[in-house]
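query.cif (mmCIF, C-alpha atoms) appears below.
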data_final
loop_
_atom_site.label_atom_id
_atom_site.label_comp_id
_atom_site.auth_asym_id
_atom_site.auth_seq_id
_atom_site.Cartn_x
_atom_site.Cartn_y
_atom_site.Cartn_z
CA MET A 414 -37.77 -44.66 5.10
CA GLU A 415 -39.91 -47.39 3.59
CA ILE A 416 -39.72 -49.04 0.19
CA LYS A 417 -42.73 -50.99 -1.00
CA GLU A 418 -43.21 -53.05 -4.14
CA LEU A 419 -46.26 -51.90 -6.10
CA LYS A 420 -46.09 -54.16 -9.13
CA CYS A 421 -43.72 -56.36 -10.94
CA ASN A 422 -43.61 -58.09 -14.28
CA ALA A 423 -40.73 -59.89 -15.97
CA GLU A 424 -37.82 -57.42 -15.95
CA SER A 425 -39.74 -54.40 -14.62
CA LEU A 426 -40.66 -53.39 -11.11
CA THR A 427 -42.52 -50.40 -9.71
CA ALA A 428 -41.99 -49.42 -6.08
CA ALA A 429 -42.97 -46.59 -3.76
CA LEU A 430 -40.46 -44.80 -1.56
CA SER A 431 -41.60 -42.92 1.54
CA GLY A 432 -40.08 -40.99 4.43
CA ARG A 433 -36.49 -39.78 4.53
CA MET A 434 -33.64 -41.03 2.38
CA ASP A 435 -30.55 -39.97 4.30
CA ALA A 436 -27.18 -41.29 5.45
CA LEU A 437 -28.93 -43.61 7.92
CA THR A 438 -31.55 -45.04 5.59
CA ALA A 439 -30.03 -44.94 2.07
CA PRO A 440 -28.30 -48.34 2.48
CA GLU A 441 -31.77 -49.94 2.87
CA PHE A 442 -32.62 -48.71 -0.63
CA THR A 443 -29.41 -50.06 -2.13
CA ASP A 444 -29.88 -53.43 -0.40
CA GLN A 445 -33.49 -53.83 -1.56
CA LEU A 446 -32.77 -52.78 -5.15
CA GLU A 447 -29.77 -55.10 -5.34
CA LYS A 448 -32.00 -57.93 -4.18
CA TRP A 449 -34.49 -57.18 -6.96
CA ILE A 450 -31.67 -56.93 -9.52
CA ALA A 451 -30.42 -60.34 -8.38
CA GLU A 452 -33.95 -61.66 -9.06
CA GLY A 453 -33.67 -60.45 -12.67
CA ARG A 454 -35.35 -57.02 -12.55
CA ILE A 455 -33.54 -54.30 -14.48
CA ASN A 456 -36.19 -51.62 -15.15
CA PHE A 457 -37.27 -49.70 -12.08
CA THR A 458 -39.88 -47.00 -11.67
CA ILE A 459 -39.99 -45.41 -8.22
CA ASP A 460 -42.97 -43.43 -6.97
CA CYS A 461 -41.48 -40.63 -4.83
CA SER A 462 -44.71 -38.83 -3.93
CA GLN A 463 -44.28 -39.76 -0.24
CA LEU A 464 -40.52 -39.13 -0.14
CA ASP A 465 -40.08 -36.08 2.10
CA TYR A 466 -36.32 -35.64 2.11
CA ILE A 467 -33.19 -36.72 0.28
CA SER A 468 -29.53 -35.94 0.98
CA SER A 469 -26.33 -36.68 -0.96
CA ALA A 470 -26.30 -40.14 0.64
CA GLY A 471 -29.68 -40.81 -1.00
CA LEU A 472 -28.47 -39.50 -4.37
CA ARG A 473 -25.40 -41.65 -4.03
CA ALA A 474 -27.58 -44.76 -3.52
CA LEU A 475 -29.69 -43.83 -6.57
CA LEU A 476 -26.55 -43.28 -8.67
CA ILE A 477 -25.08 -46.66 -7.68
CA ILE A 478 -28.30 -48.43 -8.74
CA ALA A 479 -28.77 -46.33 -11.91
CA LYS A 480 -25.23 -47.20 -13.03
CA LYS A 481 -25.74 -50.84 -12.21
CA VAL A 482 -28.99 -51.22 -14.17
CA GLY A 483 -27.57 -49.00 -16.93
CA GLY A 484 -24.77 -51.53 -17.33
CA LEU A 485 -27.44 -54.25 -17.72
CA ASN A 486 -29.31 -52.22 -20.37
CA GLY A 487 -32.03 -51.45 -17.87
CA LYS A 488 -33.10 -48.13 -16.34
CA LEU A 489 -34.04 -46.39 -13.12
CA GLN A 490 -36.65 -43.67 -13.33
CA LEU A 491 -38.47 -41.64 -10.68
CA ALA A 492 -41.94 -40.16 -10.57
CA ALA A 493 -43.88 -37.53 -8.62
CA LEU A 494 -41.04 -35.84 -6.72
CA GLN A 495 -42.01 -33.38 -3.98
CA GLU A 496 -40.80 -29.83 -4.51
CA SER A 497 -37.97 -29.97 -1.94
CA VAL A 498 -36.67 -33.26 -3.35
CA GLN A 499 -36.93 -31.88 -6.89
CA THR A 500 -34.79 -28.90 -5.77
CA VAL A 501 -32.04 -31.26 -4.57
CA PHE A 502 -32.12 -33.01 -7.95
CA GLU A 503 -31.80 -29.71 -9.76
CA ILE A 504 -28.93 -28.37 -7.63
CA SER A 505 -26.99 -31.61 -8.14
CA GLY A 506 -27.78 -31.93 -11.84
CA PHE A 507 -29.30 -35.35 -11.16
CA ASN A 508 -32.39 -34.25 -13.07
CA LYS A 509 -30.22 -34.58 -16.19
CA ILE A 510 -28.96 -38.09 -15.50
CA ILE A 511 -31.99 -39.82 -13.95
CA PRO A 512 -35.29 -39.60 -15.85
CA LEU A 513 -37.95 -37.81 -13.78
CA PHE A 514 -41.68 -37.83 -14.49
CA ALA A 515 -44.46 -35.67 -13.10
CA THR A 516 -46.69 -38.65 -12.32
CA LEU A 517 -46.42 -42.40 -12.03
CA ASP A 518 -48.75 -42.75 -15.03
CA ASP A 519 -46.42 -40.62 -17.16
CA ALA A 520 -43.44 -42.77 -16.13
CA GLU A 521 -45.25 -45.98 -17.07
CA LYS A 522 -46.46 -44.84 -20.48
CA MET B 1335 -32.43 -26.55 29.63
CA PRO B 1336 -32.12 -23.77 27.05
CA LYS B 1337 -31.52 -20.33 28.46
CA SER B 1338 -34.41 -17.97 28.18
CA ARG B 1339 -32.35 -14.79 27.78
CA LYS B 1340 -33.00 -13.40 24.33
CA GLN B 1341 -29.68 -11.87 23.33
CA ASP B 1342 -26.53 -13.67 22.31
CA THR B 1343 -27.14 -16.83 24.24
CA VAL B 1344 -25.54 -20.06 23.09
CA ASN B 1345 -27.17 -23.45 23.20
CA HIS B 1346 -24.73 -26.27 23.04
CA LEU B 1347 -24.99 -29.94 22.08
CA ARG B 1348 -22.06 -32.34 22.25
CA LEU B 1349 -22.44 -35.84 20.87
CA LYS B 1350 -20.11 -38.56 19.63
CA ALA B 1351 -19.27 -38.46 15.92
CA GLU B 1352 -21.48 -41.42 15.10
CA LEU B 1353 -24.16 -41.81 12.48
CA GLU B 1354 -26.79 -42.80 15.04
CA ASN B 1355 -26.49 -39.30 16.58
CA LEU B 1356 -27.53 -37.59 13.37
CA PRO B 1357 -31.25 -37.34 14.31
CA GLY B 1358 -30.33 -35.81 17.69
CA PHE B 1359 -28.37 -32.99 16.06
CA LEU B 1360 -31.05 -32.44 13.40
CA THR B 1361 -33.87 -32.17 15.94
CA PHE B 1362 -31.82 -29.78 18.08
CA VAL B 1363 -31.28 -27.40 15.17
CA SER B 1364 -34.74 -27.79 13.57
CA THR B 1365 -36.45 -26.91 16.82
CA ARG B 1366 -34.49 -23.68 17.02
CA ALA B 1367 -35.08 -22.86 13.33
CA GLN B 1368 -38.81 -23.42 13.78
CA GLN B 1369 -38.84 -21.08 16.79
CA LEU B 1370 -37.19 -18.45 14.61
CA GLY B 1371 -39.97 -18.86 12.05
CA PHE B 1372 -38.20 -20.64 9.19
CA ALA B 1373 -40.65 -22.06 6.64
CA GLU B 1374 -40.90 -25.80 5.96
CA LYS B 1375 -38.95 -25.68 2.68
CA GLN B 1376 -36.04 -23.90 4.34
CA LEU B 1377 -36.11 -26.26 7.32
CA LEU B 1378 -35.43 -29.11 4.90
CA GLU B 1379 -32.53 -27.19 3.36
CA ILE B 1380 -31.08 -26.52 6.82
CA GLU B 1381 -31.39 -30.21 7.68
CA LEU B 1382 -29.71 -31.11 4.41
CA VAL B 1383 -26.72 -28.81 5.01
CA LEU B 1384 -26.40 -30.02 8.59
CA GLU B 1385 -26.56 -33.68 7.60
CA GLU B 1386 -23.88 -33.18 4.94
CA ILE B 1387 -21.53 -31.42 7.38
CA LEU B 1388 -22.04 -33.97 10.15
CA VAL B 1389 -21.75 -37.03 7.90
CA ASN B 1390 -18.53 -35.63 6.53
CA ILE B 1391 -17.11 -35.28 10.05
CA ILE B 1392 -18.43 -38.70 11.10
CA LYS B 1393 -16.92 -40.41 8.04
CA TYR B 1394 -13.60 -38.63 7.67
CA ALA B 1395 -12.54 -36.38 10.55
CA TYR B 1396 -11.59 -39.11 12.97
CA SER B 1397 -10.80 -41.86 10.48
CA ALA B 1398 -7.12 -41.98 11.45
CA GLU B 1399 -8.02 -42.80 15.05
CA ARG B 1400 -11.04 -44.93 14.31
CA THR B 1401 -10.82 -47.02 17.44
CA GLN B 1402 -12.61 -44.24 19.28
CA ALA B 1403 -15.04 -41.81 17.70
CA GLY B 1404 -14.37 -38.19 18.59
CA TRP B 1405 -16.88 -35.55 19.58
CA ILE B 1406 -18.86 -33.07 17.59
CA ASP B 1407 -19.78 -29.81 19.28
CA LEU B 1408 -22.69 -27.86 17.91
CA ASN B 1409 -23.36 -24.35 19.14
CA LEU B 1410 -26.55 -22.51 18.32
CA LYS B 1411 -25.80 -18.83 18.62
CA CYS B 1412 -28.96 -16.95 19.37
CA LYS B 1413 -28.45 -13.40 18.22
CA PRO B 1414 -31.09 -10.68 18.21
CA ASP B 1415 -32.00 -11.27 14.56
CA ASP B 1416 -34.12 -13.86 12.77
CA ARG B 1417 -31.13 -15.67 11.28
CA LEU B 1418 -29.95 -19.09 12.32
CA HIS B 1419 -26.29 -19.12 13.38
CA LEU B 1420 -24.53 -22.45 13.82
CA GLU B 1421 -21.02 -23.27 14.87
CA ILE B 1422 -19.80 -26.83 14.43
CA ARG B 1423 -16.52 -28.00 15.93
CA ASP B 1424 -14.55 -31.21 15.75
CA ARG B 1425 -11.06 -32.23 16.82
CA GLY B 1426 -10.35 -34.26 13.70
CA ALA B 1427 -7.84 -33.73 10.91
CA PRO B 1428 -7.78 -30.18 9.49
CA PHE B 1429 -10.41 -29.95 6.78
CA ASN B 1430 -11.73 -26.85 5.09
CA PRO B 1431 -14.87 -27.69 3.08
CA LEU B 1432 -14.70 -24.32 1.30
CA GLU B 1433 -11.49 -25.38 -0.42
CA GLN B 1434 -12.99 -28.50 -2.01
CA ALA B 1435 -13.51 -28.47 -5.76
CA ASP B 1436 -17.09 -28.63 -7.04
CA PRO B 1437 -18.17 -31.88 -8.68
CA ASP B 1438 -18.74 -32.04 -12.44
CA LEU B 1439 -22.49 -31.50 -12.63
CA GLU B 1440 -22.57 -32.02 -16.38
CA ALA B 1441 -21.12 -35.53 -16.47
CA GLY B 1442 -23.40 -38.21 -17.91
CA LEU B 1443 -24.79 -41.07 -15.85
CA MET B 1444 -22.04 -43.62 -16.40
CA GLU B 1445 -19.26 -41.00 -16.02
CA ARG B 1446 -20.69 -39.36 -12.90
CA PRO B 1447 -18.35 -39.97 -9.96
CA ILE B 1448 -20.07 -41.35 -6.86
CA GLY B 1449 -19.66 -38.80 -4.10
CA GLY B 1450 -18.55 -35.17 -3.75
CA LEU B 1451 -22.06 -33.72 -3.70
CA GLY B 1452 -22.42 -33.22 0.04
CA ILE B 1453 -19.93 -30.37 0.28
CA TYR B 1454 -21.39 -28.80 -2.84
CA PHE B 1455 -24.82 -28.70 -1.12
CA ILE B 1456 -23.27 -27.05 1.94
CA LYS B 1457 -21.66 -24.32 -0.17
CA LYS B 1458 -24.75 -23.85 -2.29
CA LEU B 1459 -27.43 -23.70 0.41
CA ALA B 1460 -25.83 -21.93 3.38
CA ASP B 1461 -26.12 -18.14 3.26
CA ASN B 1462 -22.81 -17.64 4.94
CA LEU B 1463 -20.05 -20.10 5.54
CA SER B 1464 -16.63 -19.68 7.13
CA TRP B 1465 -13.99 -22.06 8.40
CA HIS B 1466 -11.03 -21.63 10.71
CA ARG B 1467 -8.72 -23.80 12.74
CA GLU B 1468 -8.51 -23.00 16.43
CA ASN B 1469 -7.08 -24.99 19.37
CA ASN B 1470 -6.62 -28.04 17.11
CA GLU B 1471 -10.28 -27.87 16.14
CA ASN B 1472 -12.08 -27.41 12.85
CA CYS B 1473 -14.53 -24.61 13.40
CA LEU B 1474 -17.25 -24.10 10.83
CA ASN B 1475 -19.65 -21.19 11.11
CA ILE B 1476 -22.85 -21.28 9.11
CA THR B 1477 -25.64 -18.77 8.82
CA PHE B 1478 -29.08 -19.18 7.29
CA ALA B 1479 -31.20 -16.14 6.50
CA GLN B 1480 -34.95 -16.49 6.24
CA CYS B 1481 -36.23 -15.99 2.77
CA HIS B 1482 -39.48 -14.10 2.83
CA VAL B 1483 -41.30 -14.78 -0.39
#
Can you give me the file's structure in the form of structure tokens?
Amino acid sequence: MEIKELKCNAESLTAALSGRMDALTAPEFTDQLEKWIAEGRINFTIDCSQLDYISSAGLRALLIIAKKVGGLNGKLQLAALQESVQTVFEISGFNKIIPLFATLDDAEK
Amino acid sequence: MPKSRKQDTVNHLRLKAELENLPGFLTFVSTRAQQLGFAEKQLLEIELVLEEILVNIIKYAYSAERTQAGWIDLNLKCKPDDRLHLEIRDRGAPFNPLEQADPDLEAGLMERPIGGLGIYFIKKLADNLSWHRENNENCLNITFAQCHV
């Protein structure tokens, strides 16, 4: 899994996630996002177009961050989910608690 | 080396119940599922179910005796059909995933409990799931049928 910063201004940051977000790699996501939160970012948009796989460990990491930024009046939103990742969001009901957008442009409107 | 006989052979993989062994188990099962002709989307679902089962064992089964991680035994039962049959065994505390309550999928963001989804995925995505206790082992049998769309 790789997480790359795409752009950043004031309280908002856009990043791209690629590869597999599983029990082995999910802590990398939490660590990186917590670093950005500590730097004052609270609104995150994540491009998931290159994210091939997510398990409950990945959802757990997203939920931890979404709750954290929610508590700071910020938000975590995801864009461009692949079909298999979208399915995992639907089964878990995460599509109802984390805003999902078809494209990165839609998310940034 | 895997046996080449076609009917009712069993391929076996035994690894320590440690997170770093997750890719080894996943590759072992994916290779077999690919040979059987499972499509990409289903391969990801199989990997998801397998990861959830194994992580659960790694995190909880041997937690009482954490000084030494126990083993996980994975058997691939090759039957003369195009289904994928897995048997996963551990010698940890008795644990039947089928008896676990489903998480509240309707809870809002701030109320959503962290955790509990892994077992839900297992129950939701496996086509057949059964658990029994035998010789002090948890024995979980899982079957995936190919969906031909």
Any chance you could tabulate, as a Markdown table, the residues of chain A at most 6 Å from chain B with each one's nearest atom pair and distance in Å to one decimal, using all atoms listed in the file, in chain and rising number order?
| residue | atom | partner | partner_atom | distance |
| --- | --- | --- | --- | --- |
| A:Ser468 | CA | B:Leu1382 | CA | 5.9 |
| A:Ser469 | CA | B:Gly1452 | CA | 5.3 |
| A:Lys480 | CA | B:Met1444 | CA | 5.9 |
| A:Gly506 | CA | B:Leu1439 | CA | 5.4 |
| A:Ile510 | CA | B:Leu1443 | CA | 5.1 |
Written file, previous selection with C-alpha atoms, as a JSON list (two decimals), in the coordinates of the input:
[["chain", "number", "residue", "atom", "x", "y", "z"],
["A", 468, "SER", "CA", -29.53, -35.94, 0.98],
["A", 469, "SER", "CA", -26.33, -36.68, -0.96],
["A", 480, "LYS", "CA", -25.23, -47.20, -13.03],
["A", 506, "GLY", "CA", -27.78, -31.93, -11.84],
["A", 510, "ILE", "CA", -28.96, -38.09, -15.50]]
Point-to-point distance from CA of Gln495 (chain A) to CA of Leu1463 (chain B), Å rounded to tenths: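 Going from CA of Gln495 (chain A) over to CA of Leu1463 (chain B) covers 27.4 Å.
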The PyMOL selection byres ((chain A and resi 477) around 12) applied to the shown file, residues as a PyMOL selection string: (chain A and resi 439-440+442-444+446-447+470-476+478-484+488-489+511) or (chain B and resi 1443-1449)
Since we have the selection now, will you write its residues out, keeping C-alpha atoms, as a short mmCIF file (atom, residue, chain, number, x, y, z; two decimals), in the frame of the given file?
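Result written to selection-v5.cif:
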data_model
loop_
_atom_site.label_atom_id
_atom_site.label_comp_id
_atom_site.auth_asym_id
_atom_site.auth_seq_id
_atom_site.Cartn_x
_atom_site.Cartn_y
_atom_site.Cartn_z
CA ALA A 439 -30.03 -44.94 2.07
CA PRO A 440 -28.30 -48.34 2.48
CA PHE A 442 -32.62 -48.71 -0.63
CA THR A 443 -29.41 -50.06 -2.13
CA ASP A 444 -29.88 -53.43 -0.40
CA LEU A 446 -32.77 -52.78 -5.15
CA GLU A 447 -29.77 -55.10 -5.34
CA ALA A 470 -26.30 -40.14 0.64
CA GLY A 471 -29.68 -40.81 -1.00
CA LEU A 472 -28.47 -39.50 -4.37
CA ARG A 473 -25.40 -41.65 -4.03
CA ALA A 474 -27.58 -44.76 -3.52
CA LEU A 475 -29.69 -43.83 -6.57
CA LEU A 476 -26.55 -43.28 -8.67
CA ILE A 478 -28.30 -48.43 -8.74
CA ALA A 479 -28.77 -46.33 -11.91
CA LYS A 480 -25.23 -47.20 -13.03
CA LYS A 481 -25.74 -50.84 -12.21
CA VAL A 482 -28.99 -51.22 -14.17
CA GLY A 483 -27.57 -49.00 -16.93
CA GLY A 484 -24.77 -51.53 -17.33
CA LYS A 488 -33.10 -48.13 -16.34
CA LEU A 489 -34.04 -46.39 -13.12
CA ILE A 511 -31.99 -39.82 -13.95
CA LEU B 1443 -24.79 -41.07 -15.85
CA MET B 1444 -22.04 -43.62 -16.40
CA GLU B 1445 -19.26 -41.00 -16.02
CA ARG B 1446 -20.69 -39.36 -12.90
CA PRO B 1447 -18.35 -39.97 -9.96
CA ILE B 1448 -20.07 -41.35 -6.86
CA GLY B 1449 -19.66 -38.80 -4.10
#
field: Residue IDs satisfying the PyMOL selection byres ((chain A and resi 452-466) around 6), as an MDAnalysis selection string
entry: chainID A and resid 424:433 449:451 467 482 487:494 498
task: Calculate how many Å separate CA of Ala520 (chain A) from CA of Asp435 (chain A), rounding to one decimal.
output: 24.3 Å
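Atom to atom, CA of Phe1429 (chain B) and CA of Ala1351 (chain B) stand 15.3 Å apart.
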task: List the residues sitting within 12 Å of (-30.7, -16.7, 14.8) in the file's frame, using all atoms listed in the file, as an MDAnalysis selection string.
output: chainID B and resid 1340:1345 1363:1372 1409:1421 1476:1480
Could you write those residues out with C-alpha atoms, as a PDB file, keeping the file's coordinate frame?
ATOM      1  CA  LYS B1340     -33.000 -13.400  24.330  1.00  0.00           C
ATOM      2  CA  GLN B1341     -29.680 -11.870  23.330  1.00  0.00           C
ATOM      3  CA  ASP B1342     -26.530 -13.670  22.310  1.00  0.00           C
ATOM      4  CA  THR B1343     -27.140 -16.830  24.240  1.00  0.00           C
ATOM      5  CA  VAL B1344     -25.540 -20.060  23.090  1.00  0.00           C
ATOM      6  CA  ASN B1345     -27.170 -23.450  23.200  1.00  0.00           C
ATOM      7  CA  VAL B1363     -31.280 -27.400  15.170  1.00  0.00           C
ATOM      8  CA  SER B1364     -34.740 -27.790  13.570  1.00  0.00           C
ATOM      9  CA  THR B1365     -36.450 -26.910  16.820  1.00  0.00           C
ATOM     10  CA  ARG B1366     -34.490 -23.680  17.020  1.00  0.00           C
ATOM     11  CA  ALA B1367     -35.080 -22.860  13.330  1.00  0.00           C
ATOM     12  CA  GLN B1368     -38.810 -23.420  13.780  1.00  0.00           C
ATOM     13  CA  GLN B1369     -38.840 -21.080  16.790  1.00  0.00           C
ATOM     14  CA  LEU B1370     -37.190 -18.450  14.610  1.00  0.00           C
ATOM     15  CA  GLY B1371     -39.970 -18.860  12.050  1.00  0.00           C
ATOM     16  CA  PHE B1372     -38.200 -20.640   9.190  1.00  0.00           C
ATOM     17  CA  ASN B1409     -23.360 -24.350  19.140  1.00  0.00           C
ATOM     18  CA  LEU B1410     -26.550 -22.510  18.320  1.00  0.00           C
ATOM     19  CA  LYS B1411     -25.800 -18.830  18.620  1.00  0.00           C
ATOM     20  CA  CYS B1412     -28.960 -16.950  19.370  1.00  0.00           C
ATOM     21  CA  LYS B1413     -28.450 -13.400  18.220  1.00  0.00           C
ATOM     22  CA  PRO B1414     -31.090 -10.680  18.210  1.00  0.00           C
ATOM     23  CA  ASP B1415     -32.000 -11.270  14.560  1.00  0.00           C
ATOM     24  CA  ASP B1416     -34.120 -13.860  12.770  1.00  0.00           C
ATOM     25  CA  ARG B1417     -31.130 -15.670  11.280  1.00  0.00           C
ATOM     26  CA  LEU B1418     -29.950 -19.090  12.320  1.00  0.00           C
ATOM     27  CA  HIS B1419     -26.290 -19.120  13.380  1.00  0.00           C
ATOM     28  CA  LEU B1420     -24.530 -22.450  13.820  1.00  0.00           C
ATOM     29  CA  GLU B1421     -21.020 -23.270  14.870  1.00  0.00           C
ATOM     30  CA  ILE B1476     -22.850 -21.280   9.110  1.00  0.00           C
ATOM     31  CA  THR B1477     -25.640 -18.770   8.820  1.00  0.00           C
ATOM     32  CA  PHE B1478     -29.080 -19.180   7.290  1.00  0.00           C
ATOM     33  CA  ALA B1479     -31.200 -16.140   6.500  1.00  0.00           C
ATOM     34  CA  GLN B1480     -34.950 -16.490   6.240  1.00  0.00           C
TER      35      GLN B1480
END
message: Assuming the chain letters and numbering stay as they are in my file, what does the PyMOL selection byres ((chain B and resi 1392) around 9) actually select? List them as JSON, numbers by chain.
response: {"B": [1350, 1351, 1352, 1353, 1387, 1388, 1389, 1390, 1391, 1393, 1394, 1395, 1396, 1397, 1403, 1404, 1406]}
Please write out, as lines of an AutoDock Vina configuration file, where the centre of an axis-aligned box around all listed atoms of region 469-474 of chain A lies and how long its edges are, in Å to one decimal, after adding 8 Å on each side.
center_x = -27.5
center_y = -40.7
center_z = -1.9
size_x = 20.3
size_y = 24.1
size_z = 21.0
query: Out of B:Ile1456, B:Arg1423, B:Cys1481, B:Leu1384, which residue has the shortest atom-to-atom distance to Glu1468 (chain B) when counting only C-alpha atoms?
result: B:Arg1423
With C-alpha atoms retained, output region 1425-1455 of chain B as an mmCIF file, in the first residue's frame.
data_model
loop_
_atom_site.group_PDB
_atom_site.id
_atom_site.type_symbol
_atom_site.label_atom_id
_atom_site.label_comp_id
_atom_site.auth_asym_id
_atom_site.auth_seq_id
_atom_site.Cartn_x
_atom_site.Cartn_y
_atom_site.Cartn_z
ATOM 1 C CA ARG B 1425 -5.406 -25.090 18.630
ATOM 2 C CA GLY B 1426 -6.508 -21.878 20.324
ATOM 3 C CA ALA B 1427 -9.429 -21.167 22.632
ATOM 4 C CA PRO B 1428 -12.779 -22.525 21.390
ATOM 5 C CA PHE B 1429 -14.328 -19.934 19.106
ATOM 6 C CA ASN B 1430 -17.288 -20.345 16.804
ATOM 7 C CA PRO B 1431 -17.522 -17.372 14.423
ATOM 8 C CA LEU B 1432 -21.040 -18.402 13.389
ATOM 9 C CA GLU B 1433 -22.308 -17.623 16.881
ATOM 10 C CA GLN B 1434 -21.107 -14.014 16.861
ATOM 11 C CA ALA B 1435 -23.740 -11.298 16.668
ATOM 12 C CA ASP B 1436 -23.777 -9.112 13.552
ATOM 13 C CA PRO B 1437 -22.617 -5.520 13.978
ATOM 14 C CA ASP B 1438 -25.122 -2.655 13.815
ATOM 15 C CA LEU B 1439 -24.795 -1.606 10.180
ATOM 16 C CA GLU B 1440 -27.167 1.310 10.602
ATOM 17 C CA ALA B 1441 -25.260 3.160 13.330
ATOM 18 C CA GLY B 1442 -24.069 6.649 12.411
ATOM 19 C CA LEU B 1443 -20.404 7.567 12.106
ATOM 20 C CA MET B 1444 -19.747 8.667 15.668
ATOM 21 C CA GLU B 1445 -21.784 5.770 17.152
ATOM 22 C CA ARG B 1446 -20.269 3.059 14.946
ATOM 23 C CA PRO B 1447 -18.245 0.664 17.106
ATOM 24 C CA ILE B 1448 -14.720 0.029 15.830
ATOM 25 C CA GLY B 1449 -14.461 -3.657 14.987
ATOM 26 C CA GLY B 1450 -16.809 -6.622 14.538
ATOM 27 C CA LEU B 1451 -16.950 -6.411 10.752
ATOM 28 C CA GLY B 1452 -14.477 -9.158 9.934
ATOM 29 C CA ILE B 1453 -16.709 -12.014 11.067
ATOM 30 C CA TYR B 1454 -19.670 -10.408 9.351
ATOM 31 C CA PHE B 1455 -17.743 -10.487 6.039
#
